[in-house]
Amino acid sequence: MAFRELNPKMVEATVAPGQRLFSQRGAMLAYRGEVSFTPDLRGGQGGVMSMIGRRVANEDTPLMTVEGSGTVLFGYGGHHVQVIQLAGDTLYVEADRLLAFEGTLEQGTVFLGAQGGVMGMVRGQVSGQGLFTTSLKGHGAVAVMAHGGVIEIPVTPQRPVHVDPQAYVAHHGEVRNKLSTALGWRDMVGRGSGEAFQLELSGSGAVYVQASEEKL
Amino acid sequence: MFRLQGSKVLAVDMTGDAVKAKNGSMVAYDGQMAFKKMSGGGEGLRGMVTRRLTGEQMTVMEVKGHGTCWFADRASEINLVGLQGDKLYVESSNFLAADAGLRTGTEFTGLRGASQGNGLFTTTVEGHGQAAIMSDGPAVVLRVSARYPLTVDPGAYVAHQGNLRQSFQSGVTFRTLLGEGGGEAFQIRFEGDGLVYVQPSERNTIAGDV
């Protein structure tokens with residue numbers, strides 16, 4: 001485990017030679033030992049093409065590479081931090097919610113339109129995710145930021161979960177999501193319950209939900 | 001069935017029953033749920049008139065269905081309150097959810113309300129069941145008994161329940177008028193028997209400025 005939660009808002013990461021970490025630029029709070037921070041112009045992994053991809057997709061949150069040997073403290077903006085352990089599966093998360101992740105994970109950019117076509121794009125707009133989102137795949141740990149605490153809700157084939165798009169943080173596993181609307185005549189006349197759009201997640205995996213409807 | 005998941009998320013398990021919750025506070029659910037807007041300040045025509053007159057703008061929705069529904073609002077701390085026939089007075093901005101069987105209404109608070117920066121009216125919840133209230137930071141529950149009256153800062157007051165009389169206290173002296181006040185010019189004093197919920201944070205009130 002590369003990340004240790006010190007308190008709900010700070011994580012301590014251990015870096016050893018040969019083990020890289022990526023973190024959001026400016027998220028380092030303190031470090032011990034011989035650690036170097038290099039701005040990652042490519043904004044993560046992959047070649048030049050994936051860099052262009054991220055630029056176009058506006059998922060190019062500036063990252064830095066953390067190398068050396070020692071321990072580093074990460075925290076950002078007083079946001080709550082949740083460490084998610086990945087064991088071979090894929091985590092989908094918005095790039096600006098990424099605090100830090102292990103270099104063993106493979107970073108990619110996903111076009112939301114690929115998941116559910118036009119509705120996928122609409123969904124991205126409604127949840128404020130935009131048209132693209134970041135995926136992390138492999139074995140390792142990720143530290144994700146959220147406003148307020150995060151709860152993990154398991155998604156099983158028998159139990160699809162509906163999430164408020166503004167409170168959605170991330171999900172992993174074999175999860176399909178689609179935007180479901182509960183728009184009725186009440187919303188048209190301004191008497192809606194404030195829950196007109198929901199993300200419906202089905203399949204098997206888990207979804208992370210924050211205790212707030214505020215974006216980061 | 002209300003339970004807390006962490007301190008900021010309320011999980012409600014429902015089997016066909018309903019809960020009232022603050023508009024838009026649902027963060028996730030599984031199973032089948034239906035959301036319908038209700039209006040605060042009491043039901044029916046009388047409630048509607050009261051709302052218009054009082055400006056206590058609490059918009060509430062009714063959530064009904066089978067499954068688990070999770071509620072949270074702007075990362076506020078959540079406190080569960082059990083009601084056994086008594087009445088809970090809570091600021092509408094601090095109300096999160098209540099069993100549908102509980103009656104909600106609006107009541108006049110007088111000068112106290114104005115000093116809290118919340119208007120002249122407050123929300124009441126009455127009956128048998130559970131309610132969830134929000135506070136900025138974890139709230140403390142202070143017991144008031146006949147021998148121990150309690151005085152609280154209007155900005156830190158969240159809710160109270162039980163048989164309590166409240167009076168408005170002012171510590172305004174000539175120093176306050178000169179701009180040398182201690183920032184605690186107004187207080188609410190509770191006497192009787194009951195519980196008062198106080199948050200570790202103060203809203204902006206007129207009283208806090210003088």
# chains A, B, ... in the order shown; residues from 1 in each chain; ligands from 1
>>> interface_residues(of="chain B", to="chain A", cutoff="9 Å", atoms="only C-alpha atoms", output="ChimeraX atom specification")
/B:5-9,22-31,34-38,59-62,71-76
>>> write_last_selection(atoms="C-alpha atoms", output="JSON list (two decimals), in the first residue's frame")
[["chain", "number", "residue", "atom", "x", "y", "z"],
["B", 5, "GLN", "CA", -22.93, 6.27, 7.31],
["B", 6, "GLY", "CA", -19.97, 8.24, 8.50],
["B", 7, "SER", "CA", -21.04, 11.54, 9.98],
["B", 8, "LYS", "CA", -22.08, 13.29, 6.79],
["B", 9, "VAL", "CA", -24.24, 10.80, 4.97],
["B", 22, "LYS", "CA", -34.76, 18.63, 1.86],
["B", 23, "ASN", "CA", -35.16, 19.25, -1.84],
["B", 24, "GLY", "CA", -32.25, 17.93, -3.87],
["B", 25, "SER", "CA", -30.44, 16.29, -0.96],
["B", 26, "MET", "CA", -30.50, 12.76, -2.39],
["B", 27, "VAL", "CA", -27.01, 11.65, -3.40],
["B", 28, "ALA", "CA", -27.70, 8.03, -4.31],
["B", 29, "TYR", "CA", -30.26, 5.27, -4.07],
["B", 30, "ASP", "CA", -30.80, 1.67, -5.02],
["B", 31, "GLY", "CA", -34.06, -0.10, -5.61],
["B", 34, "ALA", "CA", -40.04, 8.13, -6.48],
["B", 35, "PHE", "CA", -39.41, 11.79, -5.71],
["B", 36, "LYS", "CA", -42.18, 14.30, -5.35],
["B", 37, "LYS", "CA", -41.96, 17.89, -4.27],
["B", 38, "MET", "CA", -43.82, 18.89, -1.19],
["B", 59, "THR", "CA", -38.76, 23.09, 0.08],
["B", 60, "VAL", "CA", -39.22, 19.48, 0.93],
["B", 61, "MET", "CA", -39.60, 16.44, -1.24],
["B", 62, "GLU", "CA", -41.27, 13.20, -0.45],
["B", 71, "PHE", "CA", -28.95, 11.82, 1.68],
["B", 72, "ALA", "CA", -26.27, 14.47, 2.20],
["B", 73, "ASP", "CA", -26.07, 18.20, 1.81],
["B", 74, "ARG", "CA", -22.94, 20.28, 1.23],
["B", 75, "ALA", "CA", -20.86, 18.07, 3.52],
["B", 76, "SER", "CA", -22.73, 19.15, 6.64]]
>>> select_by_dssp(residues="region 69-175 of chain A", states="helix (DSSP H, G or I)", output="ChimeraX atom specification")
/A:95-97,112-114,117-126
>>> write_last_selection(atoms="C-alpha atoms", output="short mmCIF file (atom, residue, chain, number, x, y, z; two decimals), in the first residue's frame")
data_model
loop_
_atom_site.label_atom_id
_atom_site.label_comp_id
_atom_site.auth_asym_id
_atom_site.auth_seq_id
_atom_site.Cartn_x
_atom_site.Cartn_y
_atom_site.Cartn_z
CA ALA A 95 -8.97 14.21 -13.76
CA ASP A 96 -9.33 17.18 -11.42
CA ARG A 97 -10.37 14.83 -8.63
CA LEU A 112 -18.03 9.24 -22.74
CA GLY A 113 -19.80 8.99 -26.05
CA ALA A 114 -18.28 5.53 -26.33
CA GLY A 117 -23.53 7.10 -27.53
CA VAL A 118 -25.27 10.44 -27.50
CA MET A 119 -26.78 9.79 -24.09
CA GLY A 120 -23.26 9.29 -22.79
CA MET A 121 -22.35 12.75 -23.97
CA VAL A 122 -25.47 14.26 -22.46
CA ARG A 123 -24.67 12.47 -19.25
CA GLY A 124 -21.19 13.95 -19.21
CA GLN A 125 -22.62 17.43 -19.60
CA VAL A 126 -25.20 16.99 -16.88
#
>>> closest_residue(among="A:Ala170, A:Val110, A:Leu105, A:Met10", to="Gly140 (chain A)", atoms="only C-alpha atoms")
A:Leu105
>>> atom_distance(atom1="CA of Asp40 (chain A)", atom2="CA of Pro8 (chain A)")
27.2 Å
>>> closest_residue(among="B:Leu102, B:Val158, B:Val19, B:Met134", to="Lys87 (chain B)", atoms="only C-alpha atoms")
B:Leu102
>>> residues_around(residues="Gln85 (chain A)", least_positions_apart="6", cutoff="12 Å", atoms="only C-alpha atoms", output="list in words")
Met1, Ala2, Phe3, Arg4, Leu91, Phe101, Glu102, Leu105, Leu136, Lys137, Gly138, His139, Gly140, Ala141, Val142, Ala143, Val144, His171, His172, Gly173 and Ala206 of chain A
>>> residues_around(residues="region 16-32 of chain A", least_positions_apart="2", cutoff="7 Å", atoms="only C-alpha atoms", output="PyMOL selection string")
chain A and resi 14+34+62-76+98-103
>>> residues_around(residues="region 90-92 of chain B", least_positions_apart="2", cutoff="7 Å", atoms="only C-alpha atoms", output="list in words")
Met58, Leu88, Asn94, Phe95, Thr122, Thr123, Thr124, Val158, Ala159 and His160 of chain B
>>> closest_residue(among="A:Val35, A:Asn7, A:Phe111, A:Thr134", to="His80 (chain A)", atoms="only C-alpha atoms")
A:Asn7
